Amino acid sequence: MKTNLVLIVDLICFSLFTASLAGQTVRNTSTTTQNGERVLRIETIVPVSPEKVWQTLTTTEGWKGWAAPVAKVDFRIGGTIFTHYDSNAKIGSPGTIQIAIVNYLEREMITLKLKLTNQFPEKTRAEDQDLQEIVQVIAIDSDHTKVVSSMVGWGIGKEWDDVYNFFAKGNQWSYQQLFNFLSAKKQ
């Protein structure tokens, strides 16, 4: 009886939480650390299992489905994710995005090291060694998963403010694409 009561309370809480987010599938919950460092944080709850989310985040086919039409994923510690938004481009063409895989915990989290492309100011490219994205995959239940992206390692100054604002918009869009892709997969 107690187990059923806990389950009912959990379902009510989950229902209230999702109702409060009605129409808001991706949220920007950015914050600042106690040391004053910015954390660009984007969250979404997708209607699929954590295993499906993990497969989408760690395979070439997954990245092509939600992130970019051109992608190549070598998923391992020390591996790389390459993407390009131009469907006519090839990996290595100008504009290829290169993301290093720093580490991961299977089906839980991935730490990515971003390397800014030539579209960003030279100052920020020279100072981007600490720019990382931590992607967490958090099981809610067997059919719902919370995905949290936290970007850290931002520099200081007007150029960095512009880069931060670019990624605030871009990551919101990207994780909306992830939500749309995985929601369609549920159908």
# chains A, B, ... in the order shown; residues from 1 in each chain; ligands from 1
>>> residues_around(residues="region 78-86 of chain A", least_positions_apart="4", cutoff="8 Å", atoms="only C-alpha atoms", output="JSON, numbers by chain")
{"A": [67, 68, 69, 70, 71, 72, 73, 74, 90, 91, 95, 96, 97, 98, 99, 100, 101, 102, 103]}
>>> write_last_selection(atoms="N, CA and C atoms", output="PDB file, in the first residue's frame")
ATOM      1  N   ALA A  67      20.856  17.060 -34.830  1.00  0.00           N
ATOM      2  CA  ALA A  67      21.783  18.182 -34.690  1.00  0.00           C
ATOM      3  C   ALA A  67      22.209  18.816 -36.011  1.00  0.00           C
ATOM      4  N   ALA A  68      22.628  18.011 -36.963  1.00  0.00           N
ATOM      5  CA  ALA A  68      23.162  18.549 -38.217  1.00  0.00           C
ATOM      6  C   ALA A  68      23.074  17.476 -39.297  1.00  0.00           C
ATOM      7  N   PRO A  69      22.849  17.884 -40.541  1.00  0.00           N
ATOM      8  CA  PRO A  69      22.715  16.885 -41.604  1.00  0.00           C
ATOM      9  C   PRO A  69      24.014  16.137 -41.908  1.00  0.00           C
ATOM     10  N   VAL A  70      25.157  16.756 -41.575  1.00  0.00           N
ATOM     11  CA  VAL A  70      26.444  16.111 -41.782  1.00  0.00           C
ATOM     12  C   VAL A  70      27.062  15.900 -40.399  1.00  0.00           C
ATOM     13  N   ALA A  71      27.334  14.654 -40.067  1.00  0.00           N
ATOM     14  CA  ALA A  71      27.894  14.347 -38.745  1.00  0.00           C
ATOM     15  C   ALA A  71      28.733  13.084 -38.803  1.00  0.00           C
ATOM     16  N   LYS A  72      29.713  13.033 -37.919  1.00  0.00           N
ATOM     17  CA  LYS A  72      30.533  11.840 -37.741  1.00  0.00           C
ATOM     18  C   LYS A  72      30.890  11.782 -36.256  1.00  0.00           C
ATOM     19  N   VAL A  73      30.565  10.665 -35.617  1.00  0.00           N
ATOM     20  CA  VAL A  73      30.795  10.528 -34.187  1.00  0.00           C
ATOM     21  C   VAL A  73      31.738   9.355 -33.916  1.00  0.00           C
ATOM     22  N   ASP A  74      32.831   9.653 -33.232  1.00  0.00           N
ATOM     23  CA  ASP A  74      33.747   8.637 -32.729  1.00  0.00           C
ATOM     24  C   ASP A  74      33.589   8.682 -31.210  1.00  0.00           C
ATOM     25  N   LYS A  90      31.262  18.491 -46.468  1.00  0.00           N
ATOM     26  CA  LYS A  90      31.861  17.249 -45.984  1.00  0.00           C
ATOM     27  C   LYS A  90      32.572  17.562 -44.670  1.00  0.00           C
ATOM     28  N   ILE A  91      32.770  16.538 -43.843  1.00  0.00           N
ATOM     29  CA  ILE A  91      33.534  16.727 -42.618  1.00  0.00           C
ATOM     30  C   ILE A  91      34.930  17.213 -43.008  1.00  0.00           C
ATOM     31  N   GLY A  95      33.992  25.499 -41.770  1.00  0.00           N
ATOM     32  CA  GLY A  95      32.741  25.560 -41.022  1.00  0.00           C
ATOM     33  C   GLY A  95      32.413  24.282 -40.266  1.00  0.00           C
ATOM     34  N   THR A  96      33.266  23.248 -40.421  1.00  0.00           N
ATOM     35  CA  THR A  96      33.041  22.010 -39.667  1.00  0.00           C
ATOM     36  C   THR A  96      33.222  22.290 -38.188  1.00  0.00           C
ATOM     37  N   ILE A  97      32.263  21.847 -37.408  1.00  0.00           N
ATOM     38  CA  ILE A  97      32.315  22.000 -35.954  1.00  0.00           C
ATOM     39  C   ILE A  97      32.975  20.750 -35.382  1.00  0.00           C
ATOM     40  N   GLN A  98      33.945  20.969 -34.508  1.00  0.00           N
ATOM     41  CA  GLN A  98      34.708  19.881 -33.908  1.00  0.00           C
ATOM     42  C   GLN A  98      34.502  19.923 -32.396  1.00  0.00           C
ATOM     43  N   ILE A  99      33.962  18.833 -31.841  1.00  0.00           N
ATOM     44  CA  ILE A  99      33.672  18.758 -30.413  1.00  0.00           C
ATOM     45  C   ILE A  99      34.390  17.535 -29.848  1.00  0.00           C
ATOM     46  N   ALA A 100      35.301  17.768 -28.929  1.00  0.00           N
ATOM     47  CA  ALA A 100      36.047  16.666 -28.322  1.00  0.00           C
ATOM     48  C   ALA A 100      35.239  16.038 -27.186  1.00  0.00           C
ATOM     49  N   ILE A 101      35.335  14.731 -27.067  1.00  0.00           N
ATOM     50  CA  ILE A 101      34.686  14.014 -25.970  1.00  0.00           C
ATOM     51  C   ILE A 101      35.727  13.868 -24.862  1.00  0.00           C
ATOM     52  N   VAL A 102      35.542  14.629 -23.782  1.00  0.00           N
ATOM     53  CA  VAL A 102      36.491  14.629 -22.669  1.00  0.00           C
ATOM     54  C   VAL A 102      36.304  13.368 -21.838  1.00  0.00           C
ATOM     55  N   ASN A 103      35.049  13.099 -21.469  1.00  0.00           N
ATOM     56  CA  ASN A 103      34.732  11.911 -20.686  1.00  0.00           C
ATOM     57  C   ASN A 103      33.233  11.664 -20.717  1.00  0.00           C
TER      58      ASN A 103
END
>>> residues_around(residues="Thr124 (chain A)", least_positions_apart="6", cutoff="12 Å", atoms="only C-alpha atoms", output="NGL selection string")
:A and (114-118 or 130-131 or 153-164)
>>> write_last_selection(atoms="N, CA and C atoms", output="PDB file, in the first residue's frame")
ATOM      1  N   LEU A 114      34.441  22.206 -26.403  1.00  0.00           N
ATOM      2  CA  LEU A 114      34.132  22.927 -27.633  1.00  0.00           C
ATOM      3  C   LEU A 114      35.337  23.702 -28.145  1.00  0.00           C
ATOM      4  N   LYS A 115      35.477  23.701 -29.443  1.00  0.00           N
ATOM      5  CA  LYS A 115      36.511  24.485 -30.111  1.00  0.00           C
ATOM      6  C   LYS A 115      35.772  25.457 -31.020  1.00  0.00           C
ATOM      7  N   LEU A 116      35.903  26.736 -30.724  1.00  0.00           N
ATOM      8  CA  LEU A 116      35.192  27.737 -31.507  1.00  0.00           C
ATOM      9  C   LEU A 116      35.721  27.789 -32.935  1.00  0.00           C
ATOM     10  N   THR A 117      34.805  27.921 -33.895  1.00  0.00           N
ATOM     11  CA  THR A 117      35.180  27.993 -35.309  1.00  0.00           C
ATOM     12  C   THR A 117      35.566  29.422 -35.682  1.00  0.00           C
ATOM     13  N   ASN A 118      35.976  29.599 -36.919  1.00  0.00           N
ATOM     14  CA  ASN A 118      36.418  30.907 -37.409  1.00  0.00           C
ATOM     15  C   ASN A 118      35.320  31.954 -37.449  1.00  0.00           C
ATOM     16  N   ASP A 130      38.856  26.478 -21.941  1.00  0.00           N
ATOM     17  CA  ASP A 130      38.029  25.991 -20.827  1.00  0.00           C
ATOM     18  C   ASP A 130      36.555  25.820 -21.203  1.00  0.00           C
ATOM     19  N   LEU A 131      36.177  26.127 -22.420  1.00  0.00           N
ATOM     20  CA  LEU A 131      34.771  26.067 -22.829  1.00  0.00           C
ATOM     21  C   LEU A 131      34.323  24.618 -23.001  1.00  0.00           C
ATOM     22  N   GLY A 153      32.945  27.647 -18.590  1.00  0.00           N
ATOM     23  CA  GLY A 153      34.267  28.023 -19.090  1.00  0.00           C
ATOM     24  C   GLY A 153      34.263  29.268 -19.958  1.00  0.00           C
ATOM     25  N   TRP A 154      33.296  30.148 -19.732  1.00  0.00           N
ATOM     26  CA  TRP A 154      33.180  31.365 -20.527  1.00  0.00           C
ATOM     27  C   TRP A 154      34.262  32.363 -20.135  1.00  0.00           C
ATOM     28  N   GLY A 155      34.761  33.075 -21.122  1.00  0.00           N
ATOM     29  CA  GLY A 155      35.712  34.153 -20.860  1.00  0.00           C
ATOM     30  C   GLY A 155      34.977  35.426 -20.479  1.00  0.00           C
ATOM     31  N   ILE A 156      35.737  36.499 -20.358  1.00  0.00           N
ATOM     32  CA  ILE A 156      35.188  37.786 -19.911  1.00  0.00           C
ATOM     33  C   ILE A 156      35.407  38.826 -21.005  1.00  0.00           C
ATOM     34  N   GLY A 157      34.423  39.704 -21.166  1.00  0.00           N
ATOM     35  CA  GLY A 157      34.539  40.792 -22.127  1.00  0.00           C
ATOM     36  C   GLY A 157      33.412  40.777 -23.141  1.00  0.00           C
ATOM     37  N   LYS A 158      33.331  41.830 -23.916  1.00  0.00           N
ATOM     38  CA  LYS A 158      32.258  42.000 -24.902  1.00  0.00           C
ATOM     39  C   LYS A 158      32.226  40.854 -25.905  1.00  0.00           C
ATOM     40  N   GLU A 159      33.396  40.431 -26.401  1.00  0.00           N
ATOM     41  CA  GLU A 159      33.422  39.337 -27.370  1.00  0.00           C
ATOM     42  C   GLU A 159      32.830  38.065 -26.762  1.00  0.00           C
ATOM     43  N   TRP A 160      33.180  37.786 -25.498  1.00  0.00           N
ATOM     44  CA  TRP A 160      32.653  36.598 -24.828  1.00  0.00           C
ATOM     45  C   TRP A 160      31.162  36.735 -24.545  1.00  0.00           C
ATOM     46  N   ASP A 161      30.704  37.953 -24.249  1.00  0.00           N
ATOM     47  CA  ASP A 161      29.261  38.163 -24.060  1.00  0.00           C
ATOM     48  C   ASP A 161      28.523  37.810 -25.350  1.00  0.00           C
ATOM     49  N   ASP A 162      29.086  38.208 -26.480  1.00  0.00           N
ATOM     50  CA  ASP A 162      28.470  37.898 -27.772  1.00  0.00           C
ATOM     51  C   ASP A 162      28.453  36.392 -28.041  1.00  0.00           C
ATOM     52  N   VAL A 163      29.555  35.699 -27.716  1.00  0.00           N
ATOM     53  CA  VAL A 163      29.615  34.246 -27.904  1.00  0.00           C
ATOM     54  C   VAL A 163      28.594  33.564 -26.996  1.00  0.00           C
ATOM     55  N   TYR A 164      28.514  34.007 -25.751  1.00  0.00           N
ATOM     56  CA  TYR A 164      27.543  33.449 -24.807  1.00  0.00           C
ATOM     57  C   TYR A 164      26.118  33.610 -25.354  1.00  0.00           C
TER      58      TYR A 164
END
>>> atom_distance(atom1="CA of Gln129 (chain A)", atom2="CA of Phe179 (chain A)")
29.2 Å
>>> select_by_dssp(residues="chain A", states="helix (DSSP H, G or I)", output="PyMOL selection string")
chain A and resi 2-20+50-58+60-66+122-126+128-130+158-186
>>> closest_atom_pairs(of="region 101-130 of chain A", to="region 57-66 of chain A", cutoff="12 Å", atoms="only C-alpha atoms", output="tab-separated table")
residue	atom	partner	partner_atom	distance
A:Ile101	CA	A:Thr58	CA	10.1
A:Tyr104	CA	A:Thr58	CA	10.3
A:Leu105	CA	A:Thr58	CA	11.8
A:Glu106	CA	A:Thr58	CA	10.1
A:Arg107	CA	A:Thr58	CA	9.7
A:Glu108	CA	A:Leu57	CA	11.2
A:Met109	CA	A:Leu57	CA	10.1
A:Ile110	CA	A:Leu57	CA	9.0
A:Thr111	CA	A:Leu57	CA	11.7
A:Leu112	CA	A:Leu57	CA	11.5
>>> atom_distance(atom1="CA of Gln177 (chain A)", atom2="CA of Val26 (chain A)")
9.7 Å
>>> select_by_dssp(residues="chain A", states="strand (DSSP E)", output="VMD selection string")
chain A and resid 26 to 28 31 to 32 38 to 46 70 to 73 80 to 84 97 to 105 109 to 114 132 to 141 144 to 152
>>> residues_around(residues="Lys146 (chain A)", least_positions_apart="3", cutoff="10 Å", atoms="only C-alpha atoms", output="number ranges by chain")
A: 43-50, 53, 136-141
>>> atom_distance(atom1="CA of Ser149 (chain A)", atom2="CA of Pro94 (chain A)")
26.1 Å
